[in-house]
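Trainee: One structure, pasted below without further comment.
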Amino acid sequence: MSVIISYNSHVVMKNKKPVIILKSVTKKYLVHHEKPTLSERIISETNETFVALNNINLTITEGESVGIVGANGSGKTTLLKIIAGIATPSRGSVCVTKRLVSLIDLTAGFHPELSGERNVYLNGMLIGMKKQLIDKKMPSIIHFADIGNFIDAPLYTYSDGMKLRLGFAIAVAANPDILILDEGISVGDLKFQFRSQQYLETFLHAKKILIAVEHKLDYIQKYCSRILIMRKGTIIADGDIKQLGIYRRSFFKRC
């Protein structure tokens with residue numbers, strides 16, 4: 001039996017400036033189950049496609065904290081990648097007017113053979129930081145990441161937790177207007193969780209935009225005031241924090 005989630009359309013406040021606008025965004029991927037032969041390509045004129053996002057219309061205004069929830073494969077991470085510019089839509093338009101930093105893949109922009117310090121420069125420049133700014137921010141990045149002398153060691157010697165801390169520390173140093181967090185940022189040791197939570201509270205207090213995907217709903221509830229529920233590439237609910245309660249109840253009914 002299918003569960004219907006009630007839809008409460010999110011109304012953009014007129015006194016708030018839109019920062020992220022998606023219009024009729026669709027994202028399709030070609031699916032290849034096995035490598036076809038030449039004869040199979042000639043006989044078969046069509047390719048199987050997977051629709052990851054289907055006609056998404058979304059506006060996010062300054063100061064909003066948006067949590068995105070849904071089952072695996074519902075399109076959450078694809079939506080983040082479209083907003084971040086990591087992926088391009090198959091159809092539709094995306095407009096982002098302020099500086100954005102994404103932590104969708106914490107190892108993206110890192111090179112395993114380079115030292116932590118070299119990786120800070122590499123990753124920092126990839127997200128738009130100037131070398132002079134990285135020079136200035138290096139001590140605070142090392143302190144926030146809490147990796148000590150490992151800053152001189154190659155990245156392949158780092159644990160996943162150390163990579164997580166270093167990636168987040170670089171994002172903090174970049175001072176973005178929009179921060180995108182994908183699943184996993186709520187993990188880490190207690191010291192890192194405390195530091196990241198302090199930063200997020202300061203970030204939100206400054207009326208900047210947070211967009212987060214996280215299966216731990218308590219984390220979403222703590223930091224997000226607007227909730228998007230996704231299913232099969234579409235946004236089926238968009239509203240306030242009450243949507244989390246609806247999502248929880250629908251999940252347990254499906255179980």
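Residues are named by chain letter and number: chains run A, B, ... in the order of the structure tokens, numbers start at 1 in each chain, and ligands are numbered from 1 in the order shown.
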DSSP on the backbone: what in stretch 52-254 of chain A comes out strand (DSSP E), as a PyMOL selection string?

Mentor: chain A and resi 52-61+65-69+91-96+100-103+178-181+209-213+226-231+234-239

Trainee: I need the chosen residues saved as a PDB file, in the first residue's frame, with C-alpha atoms.

Mentor:
ATOM      1  CA  ALA A  52      17.287  11.180 -11.551  1.00  0.00           C
ATOM      2  CA  LEU A  53      15.404  14.492 -11.343  1.00  0.00           C
ATOM      3  CA  ASN A  54      12.071  15.212 -12.971  1.00  0.00           C
ATOM      4  CA  ASN A  55      10.941  18.811 -13.594  1.00  0.00           C
ATOM      5  CA  ILE A  56      12.234  20.363 -10.365  1.00  0.00           C
ATOM      6  CA  ASN A  57      11.161  23.934  -9.583  1.00  0.00           C
ATOM      7  CA  LEU A  58      12.820  25.337  -6.486  1.00  0.00           C
ATOM      8  CA  THR A  59      13.620  28.757  -5.052  1.00  0.00           C
ATOM      9  CA  ILE A  60      15.823  29.222  -1.979  1.00  0.00           C
ATOM     10  CA  THR A  61      16.108  32.664  -0.430  1.00  0.00           C
ATOM     11  CA  SER A  65      18.384  26.421   6.077  1.00  0.00           C
ATOM     12  CA  VAL A  66      17.048  23.598   3.934  1.00  0.00           C
ATOM     13  CA  GLY A  67      17.094  19.909   4.821  1.00  0.00           C
ATOM     14  CA  ILE A  68      16.484  17.335   2.084  1.00  0.00           C
ATOM     15  CA  VAL A  69      15.246  13.873   3.049  1.00  0.00           C
ATOM     16  CA  ARG A  91      16.802  20.299 -19.275  1.00  0.00           C
ATOM     17  CA  GLY A  92      15.922  23.456 -17.362  1.00  0.00           C
ATOM     18  CA  SER A  93      17.898  26.303 -15.820  1.00  0.00           C
ATOM     19  CA  VAL A  94      19.861  26.910 -12.615  1.00  0.00           C
ATOM     20  CA  CYS A  95      20.768  30.324 -11.192  1.00  0.00           C
ATOM     21  CA  VAL A  96      22.973  30.774  -8.101  1.00  0.00           C
ATOM     22  CA  LEU A 100      28.874  28.440  -2.803  1.00  0.00           C
ATOM     23  CA  VAL A 101      31.027  25.703  -1.277  1.00  0.00           C
ATOM     24  CA  SER A 102      29.897  22.080  -1.358  1.00  0.00           C
ATOM     25  CA  LEU A 103      30.971  19.120   0.760  1.00  0.00           C
ATOM     26  CA  ILE A 178      26.004  28.984   0.659  1.00  0.00           C
ATOM     27  CA  LEU A 179      27.155  25.723   2.258  1.00  0.00           C
ATOM     28  CA  ILE A 180      26.042  22.357   0.874  1.00  0.00           C
ATOM     29  CA  LEU A 181      26.510  19.301   3.075  1.00  0.00           C
ATOM     30  CA  ILE A 209      22.166  29.517   3.304  1.00  0.00           C
ATOM     31  CA  LEU A 210      22.605  25.920   4.434  1.00  0.00           C
ATOM     32  CA  ILE A 211      21.446  22.977   2.298  1.00  0.00           C
ATOM     33  CA  ALA A 212      21.913  19.580   3.918  1.00  0.00           C
ATOM     34  CA  VAL A 213      21.189  15.946   3.073  1.00  0.00           C
ATOM     35  CA  ARG A 226      12.670  24.177   5.725  1.00  0.00           C
ATOM     36  CA  ILE A 227      12.248  20.550   4.693  1.00  0.00           C
ATOM     37  CA  LEU A 228      12.105  19.052   1.200  1.00  0.00           C
ATOM     38  CA  ILE A 229      10.935  15.440   0.892  1.00  0.00           C
ATOM     39  CA  MET A 230      11.997  13.694  -2.304  1.00  0.00           C
ATOM     40  CA  ARG A 231      10.728  10.553  -3.989  1.00  0.00           C
ATOM     41  CA  THR A 234      10.602  14.747  -7.535  1.00  0.00           C
ATOM     42  CA  ILE A 235       9.954  17.012  -4.556  1.00  0.00           C
ATOM     43  CA  ILE A 236       6.747  15.658  -3.055  1.00  0.00           C
ATOM     44  CA  ALA A 237       6.659  17.951  -0.013  1.00  0.00           C
ATOM     45  CA  ASP A 238       8.131  21.357   0.757  1.00  0.00           C
ATOM     46  CA  GLY A 239       7.382  23.005   4.060  1.00  0.00           C
TER      47      GLY A 239
END

Trainee: Between atom CA of A:Ser90 and atom CA of A:Val31, what is the distance in Å, rounded to a tenth?

Mentor: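 According to the coordinates, atom CA of A:Ser90 and atom CA of A:Val31 are separated by 14.6 Å.
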
Trainee: I'd like the interatomic distance between atom CA of A:Glu113 and atom CA of A:Pro154, to a tenth of an Å.

Mentor: 5.4 Å

Trainee: For A:Leu79, which residue among A:Met162, A:Leu22, A:Leu30, A:Leu122 is the nearest when counting only C-alpha atoms?

Mentor: A:Leu22

Trainee: So which residues of stretch 189-221 of chain A fall under alpha helix (DSSP H) by DSSP, listed as a list in words?

Mentor: Leu190, Lys191, Phe192, Gln193, Phe194, Arg195, Ser196, Gln197, Gln198, Tyr199, Leu200, Glu201, Thr202, Phe203, Leu204, His205, Leu217, Asp218, Tyr219, Ile220 and Gln221 of chain A

Trainee: Just write the chosen residues, C-alpha atoms, as a CSV table (one decimal), in the first residue's frame.

Mentor:
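Output file again-v2.csv is given in full below:
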chain,number,residue,atom,x,y,z
A,190,LEU,CA,33.0,14.4,19.6
A,191,LYS,CA,35.6,17.1,19.3
A,192,PHE,CA,35.0,17.6,15.6
A,193,GLN,CA,31.2,17.4,16.0
A,194,PHE,CA,31.4,20.2,18.6
A,195,ARG,CA,33.5,22.4,16.4
A,196,SER,CA,31.4,21.8,13.3
A,197,GLN,CA,28.2,22.5,15.3
A,198,GLN,CA,29.7,25.7,16.6
A,199,TYR,CA,30.5,26.8,13.1
A,200,LEU,CA,27.1,25.9,11.7
A,201,GLU,CA,25.4,27.9,14.5
A,202,THR,CA,27.5,30.9,13.7
A,203,PHE,CA,26.9,30.4,9.9
A,204,LEU,CA,23.1,30.3,10.4
A,205,HIS,CA,23.1,33.2,12.7
A,217,LEU,CA,16.8,13.3,11.0
A,218,ASP,CA,17.7,14.7,14.4
A,219,TYR,CA,20.6,16.5,12.7
A,220,ILE,CA,18.3,17.9,10.1
A,221,GLN,CA,15.8,19.0,12.7

Trainee: My list of candidates is A:Glu183, A:Ala145, A:Ile20, A:Ala171. Which is closest to A:Gly85 when distances are computed with only C-alpha atoms?

Mentor: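 Looking only at the distances to A:Gly85, the closest residue turns out to be A:Ile20.
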
Trainee: Considering only C-alpha atoms, return as JSON, numbers by chain whatever protein or nucleic-acid residues lie within 10 Å of A:Asp152, sequence-local ones (same chain, fewer than 6 positions apart) excluded.

Mentor: {"A": [114, 115, 116, 117, 118]}

Trainee: Go through A:Lys222, A:Gly73, A:Asp160, A:Glu62 one by one, measure the shortest atom-to-atom distance of each to A:Ala206 using only C-alpha atoms, and give the residue with the smallest value.

Mentor: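 Checking each candidate against A:Ala206, we get A:Glu62 as the closest.
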
Trainee: Please identify all polymer residues within 12 Å of A:Ser159, counting only C-alpha atoms, omitting same-chain residues fewer than 5 positions from it, and present them as JSON, numbers by chain.

Mentor: {"A": [107, 112, 147, 150, 153, 154, 164, 165, 166, 188]}

Trainee: Convert the current residue selection to file output with N, CA and C atoms, as a JSON list (two decimals), in the first residue's frame.

Mentor:
[["chain", "number", "residue", "atom", "x", "y", "z"],
["A", 107, "THR", "N", 36.44, 13.96, -0.45],
["A", 107, "THR", "CA", 37.76, 13.65, -1.00],
["A", 107, "THR", "C", 37.97, 14.29, -2.37],
["A", 112, "PRO", "N", 45.93, 11.81, -3.16],
["A", 112, "PRO", "CA", 46.45, 10.95, -2.08],
["A", 112, "PRO", "C", 47.95, 11.01, -1.88],
["A", 147, "ILE", "N", 44.74, 18.01, 12.94],
["A", 147, "ILE", "CA", 45.55, 16.92, 12.40],
["A", 147, "ILE", "C", 47.03, 17.05, 12.76],
["A", 150, "PHE", "N", 50.46, 15.75, 11.06],
["A", 150, "PHE", "CA", 50.04, 15.03, 9.85],
["A", 150, "PHE", "C", 49.85, 15.97, 8.67],
["A", 153, "ALA", "N", 52.23, 15.02, 6.21],
["A", 153, "ALA", "CA", 52.20, 13.62, 5.74],
["A", 153, "ALA", "C", 51.32, 13.50, 4.50],
["A", 154, "PRO", "N", 51.59, 12.51, 3.64],
["A", 154, "PRO", "CA", 50.74, 12.31, 2.45],
["A", 154, "PRO", "C", 49.32, 11.92, 2.85],
["A", 164, "LEU", "N", 37.77, 14.00, 6.54],
["A", 164, "LEU", "CA", 36.54, 14.73, 6.81],
["A", 164, "LEU", "C", 36.83, 16.06, 7.48],
["A", 165, "ARG", "N", 37.67, 16.04, 8.51],
["A", 165, "ARG", "CA", 37.98, 17.26, 9.24],
["A", 165, "ARG", "C", 38.72, 18.26, 8.36],
["A", 166, "LEU", "N", 39.65, 17.77, 7.55],
["A", 166, "LEU", "CA", 40.41, 18.68, 6.69],
["A", 166, "LEU", "C", 39.50, 19.31, 5.63],
["A", 188, "GLY", "N", 32.14, 11.56, 12.86],
["A", 188, "GLY", "CA", 33.39, 12.12, 13.36],
["A", 188, "GLY", "C", 33.41, 12.06, 14.87]]
